[in-house]
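Undergrad: For reference, the file structure-v7.cif (mmCIF, C-alpha atoms) is included below:
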data_final
#
loop_
_atom_site.label_atom_id
_atom_site.label_comp_id
_atom_site.auth_asym_id
_atom_site.auth_seq_id
_atom_site.Cartn_x
_atom_site.Cartn_y
_atom_site.Cartn_z
CA MET A 281 -14.94 -72.59 264.65
CA ASP A 282 -13.45 -70.68 267.62
CA SER A 283 -10.24 -72.72 267.79
CA ASN A 284 -9.76 -72.53 264.01
CA THR A 285 -10.35 -68.78 264.09
CA ALA A 286 -7.81 -68.27 266.87
CA TRP A 287 -5.15 -70.33 265.09
CA MET A 288 -5.64 -68.63 261.72
CA LEU A 289 -5.44 -65.17 263.30
CA ILE A 290 -2.18 -66.19 265.00
CA ALA A 291 -0.91 -67.63 261.70
CA SER A 292 -1.86 -64.39 259.92
CA CYS A 293 0.12 -62.33 262.44
CA LEU A 294 3.12 -64.59 261.93
CA VAL A 295 2.94 -64.13 258.15
CA PHE A 296 2.71 -60.35 258.65
CA LEU A 297 5.91 -60.66 260.72
CA MET A 298 7.65 -61.92 257.59
CA ILE A 299 7.31 -58.48 255.96
CA PRO A 300 9.54 -56.62 258.45
CA GLY A 301 11.74 -59.72 258.45
CA LEU A 302 12.16 -59.39 254.70
CA ALA A 303 12.73 -55.64 255.04
CA PHE A 304 15.58 -56.18 257.51
CA PHE A 305 16.96 -59.08 255.45
CA TYR A 306 17.09 -56.95 252.30
CA GLY A 307 18.05 -53.76 254.17
CA GLY A 308 21.26 -55.27 255.50
CA LEU A 309 22.28 -56.48 252.04
CA VAL A 310 22.30 -53.10 250.30
CA ARG A 311 24.82 -50.29 250.71
CA ALA A 312 24.38 -47.89 253.64
CA LYS A 313 23.15 -45.07 251.39
CA ASN A 314 20.12 -47.14 250.27
CA VAL A 315 19.07 -49.10 253.36
CA LEU A 316 16.15 -46.82 254.28
CA ASN A 317 14.82 -46.98 250.73
CA MET A 318 15.07 -50.77 250.76
CA ILE A 319 13.00 -50.98 253.93
CA MET A 320 10.55 -48.46 252.49
CA LEU A 321 9.97 -50.67 249.46
CA SER A 322 8.71 -53.41 251.80
CA LEU A 323 6.60 -50.89 253.72
CA GLY A 324 5.20 -49.56 250.42
CA SER A 325 4.28 -53.12 249.50
CA MET A 326 2.26 -53.42 252.70
CA ILE A 327 0.52 -50.08 252.28
CA VAL A 328 -0.58 -50.48 248.67
CA THR A 329 -1.43 -54.18 248.94
CA GLY A 330 -3.53 -53.50 252.03
CA LEU A 331 -5.61 -51.01 250.07
CA VAL A 332 -5.88 -53.02 246.87
CA TRP A 333 -6.59 -56.31 248.63
CA VAL A 334 -9.53 -54.97 250.64
CA LEU A 335 -10.94 -53.00 247.71
CA TRP A 336 -10.82 -55.63 244.96
CA GLY A 337 -7.77 -57.91 245.26
CA TRP A 338 -9.33 -60.51 247.54
CA SER A 339 -12.45 -60.54 245.39
CA ILE A 340 -10.41 -61.24 242.26
CA ALA A 341 -8.65 -64.09 244.06
CA PHE A 342 -11.51 -65.65 246.00
CA GLY A 343 -14.75 -63.87 245.13
CA GLY A 344 -16.31 -66.40 242.79
CA GLY A 345 -15.11 -67.49 239.36
CA ASN A 346 -15.66 -67.07 235.67
CA GLY A 347 -16.00 -70.76 234.84
CA ALA A 348 -12.48 -71.09 233.44
CA GLY A 349 -10.88 -70.80 236.88
CA ILE A 350 -8.59 -67.95 235.86
CA VAL A 351 -9.94 -64.88 237.65
CA GLY A 352 -12.64 -64.04 240.18
CA ASN A 353 -15.26 -61.33 240.09
CA PRO A 354 -13.69 -58.08 241.43
CA PHE A 355 -17.12 -56.75 242.46
CA THR A 356 -18.36 -59.71 244.54
CA GLY A 357 -16.26 -58.78 247.55
CA PHE A 358 -15.42 -55.17 246.64
CA LEU A 359 -14.65 -53.19 249.82
CA LEU A 360 -15.63 -56.24 251.90
CA ARG A 361 -19.05 -56.43 250.30
CA ASN A 362 -20.69 -59.78 251.21
CA ILE A 363 -17.86 -60.35 253.71
CA VAL A 364 -18.99 -58.19 256.66
CA VAL A 365 -22.51 -57.68 257.97
CA ALA A 366 -24.13 -55.15 260.30
CA LYS A 367 -25.36 -56.72 263.53
CA ASP A 368 -26.68 -54.94 266.60
CA GLY A 369 -25.22 -51.61 265.52
CA GLN A 370 -21.74 -52.85 264.64
CA PHE A 371 -20.03 -54.56 261.75
CA VAL A 372 -18.86 -58.15 262.14
CA SER A 373 -17.44 -60.75 259.80
CA LEU A 374 -19.81 -62.97 257.86
CA GLU A 375 -19.90 -66.51 259.29
CA ALA A 376 -21.04 -68.91 256.59
CA LYS A 377 -22.66 -72.20 257.53
CA ASN A 378 -20.12 -75.05 257.90
CA ALA A 379 -17.23 -72.60 257.40
CA LEU A 380 -13.97 -73.25 259.25
CA TYR A 381 -13.70 -69.62 260.37
CA PRO A 382 -15.27 -66.19 259.63
CA ALA A 383 -14.73 -64.75 256.15
CA CYS A 384 -12.60 -61.83 257.36
CA VAL A 385 -10.00 -64.25 258.69
CA ASN A 386 -9.37 -65.53 255.18
CA VAL A 387 -9.06 -61.97 253.87
CA ILE A 388 -6.46 -61.17 256.56
CA PHE A 389 -4.40 -64.34 256.04
CA GLN A 390 -4.36 -64.03 252.27
CA CYS A 391 -3.59 -60.31 252.45
CA ALA A 392 -0.43 -61.04 254.42
CA ILE A 393 0.71 -63.58 251.82
CA ALA A 394 0.02 -61.11 248.99
CA MET A 395 2.10 -58.44 250.74
CA LEU A 396 4.99 -60.87 251.10
CA ALA A 397 4.81 -62.00 247.47
CA VAL A 398 5.21 -58.51 246.00
CA ALA A 399 7.76 -57.39 248.62
CA ILE A 400 10.00 -60.28 247.53
CA ILE A 401 10.35 -58.67 244.08
CA SER A 402 11.86 -55.50 245.55
CA GLY A 403 15.11 -57.29 246.40
CA ALA A 404 15.92 -57.83 242.73
CA ILE A 405 15.60 -54.17 241.79
CA ALA A 406 17.31 -52.65 244.82
CA GLU A 407 19.36 -49.43 244.71
CA ARG A 408 18.06 -47.96 241.46
CA VAL A 409 14.27 -47.44 241.32
CA LYS A 410 11.95 -44.62 242.29
CA PHE A 411 9.73 -45.24 245.29
CA SER A 412 6.81 -43.61 243.44
CA THR A 413 7.09 -46.02 240.50
CA TRP A 414 7.38 -48.96 242.86
CA ILE A 415 4.11 -48.23 244.66
CA VAL A 416 2.30 -47.89 241.32
CA PHE A 417 3.79 -51.20 240.22
CA VAL A 418 2.63 -52.90 243.43
CA GLY A 419 -0.98 -51.93 242.75
CA PHE A 420 -0.90 -53.22 239.19
CA TRP A 421 1.00 -56.40 240.04
CA ILE A 422 -1.33 -57.43 242.85
CA THR A 423 -4.36 -56.74 240.62
CA PHE A 424 -3.26 -58.36 237.38
CA VAL A 425 -0.66 -60.96 238.39
CA TYR A 426 -0.90 -62.08 242.00
CA ALA A 427 -4.67 -62.08 242.56
CA PRO A 428 -5.42 -64.09 239.37
CA LEU A 429 -2.64 -66.56 240.23
CA ALA A 430 -4.01 -66.93 243.76
CA HIS A 431 -7.43 -67.61 242.23
CA MET A 432 -5.97 -70.24 239.91
CA ASP A 433 -3.83 -71.89 242.59
CA TRP A 434 -6.05 -71.83 245.68
CA ASN A 435 -9.64 -70.97 244.83
CA ILE A 436 -12.23 -73.75 244.45
CA ASN A 437 -12.14 -74.91 240.81
CA GLY A 438 -9.16 -72.65 240.05
CA LEU A 439 -7.32 -73.61 236.89
CA LEU A 440 -4.22 -74.85 238.75
CA ALA A 441 -5.99 -76.01 241.92
CA SER A 442 -6.41 -79.59 243.07
CA ASP A 443 -9.97 -79.67 241.72
CA GLY A 444 -9.38 -77.44 238.69
CA MET A 445 -9.43 -78.03 234.95
CA LEU A 446 -5.74 -78.95 234.73
CA SER A 447 -6.03 -81.56 237.49
CA GLN A 448 -9.15 -83.01 235.91
CA ALA A 449 -7.46 -83.21 232.52
CA ILE A 450 -4.41 -85.04 233.90
CA GLY A 451 -6.50 -87.16 236.25
CA ILE A 452 -4.71 -86.37 239.53
CA PRO A 453 -4.95 -83.39 241.93
CA ALA A 454 -2.26 -80.73 241.69
CA CYS A 455 -0.58 -79.84 244.98
CA ASP A 456 0.75 -76.50 246.19
CA ASN A 457 -0.10 -76.38 249.88
CA ALA A 458 1.40 -73.06 250.94
CA GLY A 459 2.20 -71.15 247.75
CA GLY A 460 5.47 -72.26 246.19
CA ALA A 461 4.13 -71.31 242.78
CA LEU A 462 3.24 -67.80 243.96
CA LEU A 463 5.97 -66.85 246.44
CA GLY A 464 8.66 -68.76 244.57
CA VAL A 465 8.16 -69.04 240.83
CA GLY A 466 5.69 -66.16 240.38
CA SER A 467 7.67 -63.60 242.36
CA ALA A 468 11.02 -64.68 240.89
CA ILE A 469 9.99 -64.57 237.23
CA SER A 470 8.28 -61.23 237.84
CA ALA A 471 11.49 -59.93 239.40
CA LEU A 472 13.48 -61.12 236.39
CA MET A 473 11.17 -59.33 233.96
CA VAL A 474 11.45 -56.02 235.83
CA VAL A 475 15.23 -56.38 236.09
CA MET A 476 15.54 -56.98 232.35
CA ILE A 477 13.51 -53.84 231.60
CA ILE A 478 15.10 -51.40 234.07
CA GLY A 479 18.69 -52.51 233.49
CA ARG A 480 21.71 -52.85 235.74
CA ARG A 481 22.91 -50.68 238.57
CA ARG A 482 25.64 -48.28 237.54
CA GLY A 483 28.95 -49.97 238.31
CA PHE A 484 27.55 -53.50 238.33
CA GLN A 485 30.44 -55.99 238.09
CA ILE A 486 32.87 -53.03 238.28
CA THR A 487 32.29 -51.35 241.65
CA PRO A 488 32.08 -53.50 244.81
CA MET A 489 28.51 -53.54 246.13
CA LYS A 490 28.90 -55.37 249.41
CA PRO A 491 26.24 -55.69 252.13
CA HIS A 492 26.56 -52.87 254.63
CA ASN A 493 25.13 -54.63 257.71
CA LEU A 494 24.93 -58.41 257.84
CA THR A 495 23.75 -58.24 261.45
CA LEU A 496 20.55 -56.62 260.18
CA THR A 497 20.27 -59.34 257.55
CA MET A 498 20.61 -62.09 260.16
CA LEU A 499 17.89 -60.47 262.28
CA GLY A 500 15.72 -60.50 259.18
CA ILE A 501 16.21 -64.20 258.47
CA PHE A 502 15.29 -65.13 262.05
CA LEU A 503 12.05 -63.15 261.73
CA LEU A 504 11.37 -64.76 258.35
CA LEU A 505 11.86 -68.23 259.83
CA ILE A 506 9.52 -67.57 262.77
CA GLY A 507 6.94 -66.00 260.48
CA SER A 508 7.09 -68.92 258.09
CA PHE A 509 5.57 -71.16 260.76
CA GLY A 510 2.36 -69.19 260.27
CA LEU A 511 2.59 -69.57 256.50
CA THR A 512 3.14 -73.33 256.48
CA GLY A 513 1.15 -74.15 259.59
CA GLY A 514 -1.67 -71.87 258.49
CA SER A 515 -1.94 -73.63 255.15
CA ALA A 516 -3.88 -76.37 256.96
CA LEU A 517 -6.64 -73.76 257.56
CA ARG A 518 -7.72 -75.47 260.78
CA VAL A 519 -6.56 -76.84 264.13
CA ASN A 520 -5.70 -80.52 263.69
CA ALA A 521 -2.59 -82.64 263.37
CA ALA A 522 -1.46 -80.97 260.11
CA PRO A 523 -0.06 -77.61 261.38
CA SER A 524 2.36 -79.24 263.83
CA TYR A 525 3.76 -81.52 261.13
CA ALA A 526 3.96 -78.62 258.65
CA ILE A 527 6.01 -76.53 261.07
CA LEU A 528 8.28 -79.47 261.89
CA VAL A 529 9.14 -80.25 258.27
CA THR A 530 9.64 -76.53 257.63
CA ILE A 531 12.37 -76.54 260.27
CA LEU A 532 13.86 -79.70 258.73
CA CYS A 533 13.84 -78.43 255.15
CA VAL A 534 15.20 -74.98 256.05
CA SER A 535 18.00 -76.50 258.11
CA ALA A 536 18.95 -78.89 255.30
CA SER A 537 18.88 -76.13 252.70
CA SER A 538 21.08 -73.82 254.76
CA PHE A 539 23.46 -76.69 255.48
CA ALA A 540 23.72 -77.56 251.78
CA TRP A 541 24.41 -73.94 250.83
CA LEU A 542 27.18 -73.71 253.41
CA LEU A 543 28.79 -76.93 252.18
CA VAL A 544 28.76 -75.81 248.54
CA GLU A 545 30.05 -72.38 249.52
CA HIS A 546 32.87 -73.85 251.60
CA PHE A 547 33.83 -76.17 248.75
CA LYS A 548 33.89 -73.25 246.28
CA TYR A 549 35.35 -70.44 248.40
CA GLY A 550 36.66 -71.99 251.61
CA HIS A 551 34.30 -70.12 253.96
CA PHE A 552 31.06 -70.69 255.86
CA THR A 553 29.47 -67.25 255.53
CA ALA A 554 26.55 -65.79 257.46
CA LEU A 555 25.05 -64.56 254.18
CA GLY A 556 25.26 -68.06 252.75
CA ALA A 557 23.48 -69.56 255.76
CA ALA A 558 20.72 -66.95 255.52
CA SER A 559 20.32 -67.33 251.75
CA GLY A 560 20.10 -71.09 252.10
CA MET A 561 17.30 -70.65 254.61
CA VAL A 562 15.33 -68.53 252.15
CA ALA A 563 15.66 -71.19 249.45
CA GLY A 564 14.51 -73.86 251.91
CA LEU A 565 11.55 -71.80 253.12
CA ILE A 566 10.26 -71.50 249.57
CA ALA A 567 11.04 -75.11 248.64
CA ILE A 568 8.95 -76.64 251.42
CA LEU A 569 5.81 -74.62 250.67
CA PRO A 570 4.28 -76.83 247.94
CA GLY A 571 4.60 -80.14 249.78
CA VAL A 572 4.46 -79.10 253.41
CA THR A 573 1.93 -81.81 254.30
CA THR A 574 2.67 -84.40 251.59
CA LEU A 575 6.44 -84.91 251.93
CA SER A 576 7.83 -87.39 254.45
CA PRO A 577 10.62 -86.20 256.76
CA LEU A 578 13.20 -87.96 254.58
CA TRP A 579 11.98 -86.34 251.37
CA ALA A 580 11.63 -82.93 253.05
CA LEU A 581 15.29 -83.28 254.07
CA ILE A 582 16.31 -84.16 250.52
CA THR A 583 14.22 -81.31 249.10
CA GLY A 584 16.05 -78.88 251.37
CA LEU A 585 19.46 -80.23 250.38
CA LEU A 586 18.59 -79.90 246.69
CA ALA A 587 17.16 -76.40 247.05
CA GLY A 588 20.13 -75.03 249.00
CA GLY A 589 22.79 -76.64 246.84
CA ILE A 590 21.25 -75.72 243.48
CA ALA A 591 20.40 -72.16 244.60
CA CYS A 592 23.99 -71.59 245.72
CA PHE A 593 25.24 -72.51 242.25
CA ALA A 594 22.47 -70.43 240.61
CA VAL A 595 23.64 -67.18 242.22
CA SER A 596 26.54 -66.93 239.76
CA LEU A 597 24.18 -67.03 236.76
CA LYS A 598 23.52 -63.31 236.99
CA TYR A 599 27.19 -62.61 236.34
CA ARG A 600 27.35 -65.03 233.44
CA LEU A 601 24.13 -63.85 231.83
CA GLY A 602 24.53 -60.18 232.72
CA TYR A 603 21.26 -59.41 234.52
CA ASP A 604 21.48 -57.46 237.77
CA ASP A 605 19.38 -59.29 240.35
CA SER A 606 20.61 -57.14 243.23
CA LEU A 607 19.85 -59.46 246.16
CA ASP A 608 19.61 -62.84 244.38
CA VAL A 609 15.83 -63.15 244.44
CA ILE A 610 15.77 -65.23 241.27
CA ALA A 611 18.37 -67.69 242.55
CA THR A 612 16.87 -68.20 246.02
CA ASN A 613 13.13 -67.85 245.47
CA GLY A 614 13.00 -69.04 241.87
CA VAL A 615 15.13 -72.13 242.41
CA GLY A 616 13.40 -72.83 245.72
CA GLY A 617 9.96 -72.66 244.12
CA ILE A 618 10.85 -74.87 241.17
CA VAL A 619 12.63 -77.46 243.33
CA GLY A 620 9.70 -77.50 245.75
CA LEU A 621 7.07 -78.04 243.07
CA LEU A 622 9.11 -80.75 241.35
CA ALA A 623 9.72 -82.39 244.73
CA VAL A 624 5.95 -82.74 245.12
CA GLY A 625 5.78 -84.57 241.80
CA LEU A 626 8.68 -86.82 242.74
CA PHE A 627 8.33 -87.40 246.47
CA SER A 628 4.69 -86.89 247.54
CA GLN A 629 3.32 -89.69 249.67
CA GLY A 630 1.38 -92.11 247.48
CA ASN A 631 1.30 -89.92 244.36
CA GLY A 632 4.94 -88.99 243.70
CA LEU A 633 6.92 -90.69 240.96
CA LEU A 634 9.40 -92.18 243.46
CA CYS A 635 6.66 -93.11 245.92
CA GLY A 636 4.63 -95.42 243.72
CA GLY A 637 2.32 -92.87 242.17
CA GLY A 638 3.48 -92.75 238.56
CA ILE A 639 4.43 -89.75 236.46
CA ARG A 640 1.13 -87.85 236.37
CA LEU A 641 1.70 -85.70 239.45
CA LEU A 642 5.19 -84.75 238.27
CA LEU A 643 3.70 -83.81 234.90
CA ILE A 644 1.05 -81.59 236.41
CA GLU A 645 3.57 -79.84 238.70
CA LEU A 646 5.80 -79.19 235.68
CA LEU A 647 2.85 -77.73 233.79
CA VAL A 648 2.08 -75.48 236.78
CA ILE A 649 5.66 -74.19 236.73
CA ILE A 650 5.52 -73.47 233.00
CA PHE A 651 2.13 -71.79 233.22
CA VAL A 652 3.14 -69.53 236.12
CA ILE A 653 6.38 -68.55 234.36
CA VAL A 654 4.53 -67.61 231.18
CA PHE A 655 1.57 -65.88 232.86
CA ALA A 656 3.51 -63.93 235.46
CA GLY A 657 6.36 -63.20 233.06
CA VAL A 658 4.20 -61.81 230.27
CA ILE A 659 1.84 -59.75 232.43
CA THR A 660 4.64 -58.39 234.63
CA GLY A 661 6.68 -57.57 231.55
CA LEU A 662 3.81 -55.55 230.10
CA ILE A 663 3.28 -53.68 233.37
CA ALA A 664 6.98 -52.94 233.83
CA PHE A 665 7.39 -51.84 230.21
CA ALA A 666 4.38 -49.52 230.41
CA LEU A 667 5.73 -47.90 233.57
CA GLU A 668 9.17 -47.53 231.99
CA LYS A 669 7.68 -45.69 229.01
CA THR A 670 5.45 -43.42 231.09
CA ILE A 671 6.66 -42.43 234.56
CA GLY A 672 10.02 -44.23 234.37
CA TRP A 673 11.63 -46.67 236.80
CA ARG A 674 15.13 -45.34 237.37
CA VAL A 675 16.38 -42.60 239.61
CA SER A 676 18.88 -40.26 237.96
CA GLU A 677 22.56 -41.09 237.75
CA ASN A 678 23.35 -38.47 240.39
CA GLU A 679 20.64 -39.80 242.73
CA GLU A 680 21.94 -43.33 242.35
CA LEU A 681 25.48 -42.16 243.09
CA LEU A 682 24.53 -40.15 246.20
CA GLY A 683 22.05 -42.70 247.47
CA ILE A 684 18.28 -43.02 247.25
CA ASP A 685 17.75 -42.50 250.99
CA VAL A 686 18.62 -38.81 250.82
CA MET A 687 17.53 -38.10 247.25
CA ASP A 688 14.14 -39.85 247.25
CA HIS A 689 13.18 -39.82 250.94
CA GLY A 690 15.09 -36.84 252.31
CA GLU A 691 16.40 -38.92 255.21
CA ARG A 692 19.37 -41.05 256.21
CA ALA A 693 19.34 -44.42 257.94
CA TYR A 694 22.67 -43.55 259.57
CA ASP A 695 23.60 -39.89 260.08
CA PHE A 696 27.35 -40.36 260.33
CA GLU A 697 28.11 -36.65 259.79
CA ASP A 698 26.06 -35.47 262.78
CA ALA A 699 27.44 -38.28 264.93
CA MET A 700 31.01 -37.33 264.05
CA ASN A 701 30.35 -33.63 264.74
CA SER A 702 28.97 -34.56 268.17
CA VAL A 703 32.11 -36.57 268.93
CA ILE A 704 34.38 -33.70 267.85
CA LYS A 705 32.36 -31.18 269.87
CA GLY A 706 32.53 -33.41 272.92
CA ALA A 707 36.29 -33.80 272.57
CA LYS A 708 36.73 -30.04 272.55
#
Before anything else, please render the file you have as structure tokens.
TA:
Amino acid sequence: MDSNTAWMLIASCLVFLMIPGLAFFYGGLVRAKNVLNMIMLSLGSMIVTGLVWVLWGWSIAFGGGNGAGIVGNPFTGFLLRNIVVAKDGQFVSLEAKNALYPACVNVIFQCAIAMLAVAIISGAIAERVKFSTWIVFVGFWITFVYAPLAHMDWNINGLLASDGMLSQAIGIPACDNAGGALLGVGSAISALMVVMIIGRRRGFQITPMKPHNLTLTMLGIFLLLIGSFGLTGGSALRVNAAPSYAILVTILCVSASSFAWLLVEHFKYGHFTALGAASGMVAGLIAILPGVTTLSPLWALITGLLAGGIACFAVSLKYRLGYDDSLDVIATNGVGGIVGLLAVGLFSQGNGLLCGGGIRLLLIELLVIIFVIVFAGVITGLIAFALEKTIGWRVSENEELLGIDVMDHGERAYDFEDAMNSVIKGAK
């Protein structure tokens, strides 16, 4: 147990590292007047999810089931009840017989993934929402969307799990090793629903809205890549041969995805951009999650190429369809998640359609995609609509024009005025 515990704690810390990585990645992509707010949305995701997850979120996801495999009992593990025990005057984690590691380790690892899942959504709604509404949304989304989906996807006998009702009905285990359905499809469709309800930024497709600091974005993608080794390697839940292979194919898939994005971008626009390389990495990171231990190196490479190429083309959809996905969450995460889940059905060793396994696994992965889209889309839509009609999502037109950093937080990420005054004073 000790070696498993040590590895899972390290993996958890790496996944937590993905949150500041995402904050920097998104922060560099917005305009200078909104960068602090963008980073605060990720920090708000951590704060609220940390509270909700320990209180009832983990219990909904992993604290027993209701028989249908849809949602757990929120009271079983409420405030770490039945997870920690008092021993010799101090509290320690419960250590169940034959468990791979103490119960608190699972709470920590899954909490980090939950924080990442909801923080991903913030990129789609950048530069126009109130911080107060966002933190309320985070609490509701984790409770009613993410935690039930985590229960269905990863809990024993969960509806979408390898031993759940859907797998039993089709006659083959579903496969989503590291959360492509949650971090990819679930977060992306949720982002789309919120975007459709809150509307576009003022000046969308009229005023240029270029990234203000791509250096910050590149720092973010490096942190995301390093942190992803904990997400994919930690999905093995133990120290054996699986984590090393998972990390290796993550590198392979991410590299292929970024390479494909750059090729498509160069063919379309004649440039190899830093933003394109980073965006391709995001698509690849999501695409490898479902099949991180079931795809061969060749198929992981092909999955990355497909994810990066298709996601690059998908970015332009927001202009054609008129929805304002500020930082292309739907194109990168949504496409990455769908490609990754379908790749499992096509390429998984022994069970994939192109690897001698027939069509059943592809069918079940397609049903998982459809179910997550419907479930996350409907519930998120109801939450977002209710918040729009009560406390409201949007900052005022004047606040959006002047920037949310000053208007909502009372601070600036870059105080150019004071810096300039100092220069002038020094010159005199």
Undergrad: Residues at most 7 Å from region 310-325 of chain A, counting only C-alpha atoms, excluding those fewer than 2 positions away in the same chain, as a PyMOL selection string?
TA: chain A and resi 299+303-304+306-308+327-329+395+398-399+402+406-407+411+415+418+489-492+683-685+692-693
Undergrad: Of the residues A:Val562, A:Leu542, A:Ile478, A:Leu335, which is the one nearest to Phe355 (chain A), using only C-alpha atoms?
TA: A:Leu335
Undergrad: Would you write out, as a PyMOL selection string, every residue that the PyMOL selection byres ((chain A and resi 604) around 8) captures in this file?
TA: chain A and resi 404-405+475+479-481+484+598-599+602-603+605-606
Undergrad: Between CA of Gly564 (chain A) and CA of Gly620 (chain A), what is the distance, to one decimal in Å?
TA: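 Spanning CA of Gly564 (chain A) to CA of Gly620 (chain A) is a straight-line distance of 8.6 Å.
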Undergrad: Run the PyMOL selection byres ((chain A and resi 637) around 12) against the file shown and list the residues it catches, as a list in words.
TA: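 This file, filtered by the PyMOL selection byres ((chain A and resi 637) around 12), leaves Ile452, Pro453, Val624, Gly625, Leu626, Phe627, Ser628, Gln629, Gly630, Asn631, Gly632, Leu633, Leu634, Cys635, Gly636, Gly638, Ile639, Arg640, Leu641, Leu642 and Leu643 of chain A.
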Undergrad: If you measure from CA of Leu528 (chain A) to CA of Leu585 (chain A), what distance in Å do you get, rounded to one decimal?
TA: 16.1 Å
Undergrad: Check the smallest atom-to-atom distance from each of A:Val675, A:Ile350, A:Leu555, A:Ala664 to Lys410 (chain A) using only C-alpha atoms, then report the winner.
TA: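 Looking only at the distances to Lys410 (chain A), the closest residue turns out to be A:Val675.
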Undergrad: Box in all listed atoms of region 496-503 of chain A, axis-aligned, with 3 Å more on each side; write out centre and edge lengths in Å to one decimal as AutoDock Vina command-line options.
TA:
--center_x 16.3 --center_y -60.9 --center_z 259.9 --size_x 14.6 --size_y 14.5 --size_z 10.7
Undergrad: What lies within 9 Å of region 375-386 of chain A using all atoms listed in the file, ignoring chain neighbours under 5 positions off, as a PyMOL selection string?
TA: chain A and resi 281-286+288-289+292+360+363-364+391+517-518
Undergrad: Residues around (-9.2, -64.2, 241.3), cut-off 8 Å, counting only C-alpha atoms - what are they as a list in words?
TA: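 All residues meeting the 8 Å criterion around (-9.2, -64.2, 241.3) are Gly337, Trp338, Ser339, Ile340, Ala341, Phe342, Gly343, Gly344, Gly345, Ile350, Val351, Gly352, Asn353, Pro354, Ala427, Pro428, Leu429, Ala430, His431, Met432 and Asn435 of chain A.
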